[in-house]
Amino acid sequence: MRKYIINSAFLLSIIAIIVSCQNQETIDLQNYMSNGKDIYKAKCQNCHGENGEGLGQLAPPLTDSVFLKANKTRLACFIKNGANETFVIHGKEYKEKMPAFPELADIDVAQVMVFVTNSFGNKLGFVPYTKVSKDLQGCK
């Protein structure tokens, strides 16, 4: 019995060490995803849908990783400043204006951007808020 308890404690210690060995980027990704989901629900979900499916001809879906990847450096600008241009997503044109969210801090924009680009079938990875801040400085 004593040997069983010692082996169990040893095994649990090894498992705890392995689980706690996440790198900082993985931890940041998890935090961004969690906070980004909350921001998405509050600011984006009414138009883009709970599952990123969009809203008919009014708001495009967020399920096109090709579009998201091609516009990754512009996504922060779209989120913070809105957009008033035509987008072609999944072969459909979307011409409605996207509202701006100037109240969002750079970190908020980064978090919602990471959530969107890693949800709804997208897997575009982590983007730190420092990169998003730089992208926002280049907005037109």
# chains A, B, ... in the order shown; residues from 1 in each chain; ligands from 1
$ residues_around --residues "A:Leu29" --least-positions-apart "3" --cutoff "8 Å" --atoms "only C-alpha atoms" --output "number ranges by chain"
A: 25-26, 32-33, 114, 126
$ select_by_dssp --residues "chain A" --states "strand (DSSP E or B)" --output "PyMOL selection string"
chain A and resi 55+59+83+87-89+92-94+98
$ closest_residue --among "A:Ile89, A:Leu68, A:Val116, A:Ala100" --to "A:Ser34" --atoms "only C-alpha atoms"
A:Val116
$ residues_around --residues "A:Lys43" --least-positions-apart "2" --cutoff "12 Å" --atoms "only C-alpha atoms" --output "count of residues only"
24
$ residues_around --residues "A:Leu124" --least-positions-apart "4" --cutoff "12 Å" --atoms "only C-alpha atoms" --output "number ranges by chain"
A: 29, 63-72, 113-120
$ residues_around --residues "A:Gln57" --least-positions-apart "3" --cutoff "9 Å" --atoms "only C-alpha atoms" --output "PyMOL selection string"
chain A and resi 54+60+92-96
$ residues_around --residues "stretch 134-137 of chain A" --least-positions-apart "4" --cutoff "9 Å" --atoms "only C-alpha atoms" --output "number ranges by chain"
A: 73-77, 80, 106, 129-130
$ write_last_selection --atoms "N, CA and C atoms" --output "PDB file, in the first residue's frame"
ATOM      1  N   THR A  73      -2.703  42.041 -41.340  1.00  0.00           N
ATOM      2  CA  THR A  73      -2.150  43.303 -40.852  1.00  0.00           C
ATOM      3  C   THR A  73      -3.192  44.420 -40.862  1.00  0.00           C
ATOM      4  N   ARG A  74      -4.311  44.217 -41.545  1.00  0.00           N
ATOM      5  CA  ARG A  74      -5.361  45.232 -41.614  1.00  0.00           C
ATOM      6  C   ARG A  74      -6.508  44.961 -40.638  1.00  0.00           C
ATOM      7  N   LEU A  75      -6.559  43.767 -40.070  1.00  0.00           N
ATOM      8  CA  LEU A  75      -7.682  43.403 -39.203  1.00  0.00           C
ATOM      9  C   LEU A  75      -7.812  44.337 -38.011  1.00  0.00           C
ATOM     10  N   ALA A  76      -6.694  44.709 -37.424  1.00  0.00           N
ATOM     11  CA  ALA A  76      -6.741  45.617 -36.276  1.00  0.00           C
ATOM     12  C   ALA A  76      -7.383  46.944 -36.676  1.00  0.00           C
ATOM     13  N   CYS A  77      -7.057  47.431 -37.864  1.00  0.00           N
ATOM     14  CA  CYS A  77      -7.646  48.686 -38.356  1.00  0.00           C
ATOM     15  C   CYS A  77      -9.155  48.537 -38.550  1.00  0.00           C
ATOM     16  N   LYS A  80     -10.767  48.479 -34.933  1.00  0.00           N
ATOM     17  CA  LYS A  80     -10.700  49.757 -34.203  1.00  0.00           C
ATOM     18  C   LYS A  80     -11.399  50.901 -34.951  1.00  0.00           C
ATOM     19  N   ASP A 106      -5.568  49.024 -27.452  1.00  0.00           N
ATOM     20  CA  ASP A 106      -4.809  48.151 -28.357  1.00  0.00           C
ATOM     21  C   ASP A 106      -4.839  46.698 -27.897  1.00  0.00           C
ATOM     22  N   TYR A 129      -0.011  42.129 -28.655  1.00  0.00           N
ATOM     23  CA  TYR A 129      -0.579  43.478 -28.778  1.00  0.00           C
ATOM     24  C   TYR A 129       0.447  44.484 -29.277  1.00  0.00           C
ATOM     25  N   THR A 130       1.737  44.220 -29.084  1.00  0.00           N
ATOM     26  CA  THR A 130       2.754  45.141 -29.607  1.00  0.00           C
ATOM     27  C   THR A 130       2.703  45.188 -31.134  1.00  0.00           C
TER      28      THR A 130
END
$ select_by_dssp --residues "chain A" --states "helix (DSSP H, G or I)" --output "ChimeraX atom specification"
/A:2-19,24-43,45-48,65-70,75-81,106-117,129-137
$ atom_distance --atom1 "atom CA of A:Lys131" --atom2 "atom CA of A:Ala110"
8.5 Å
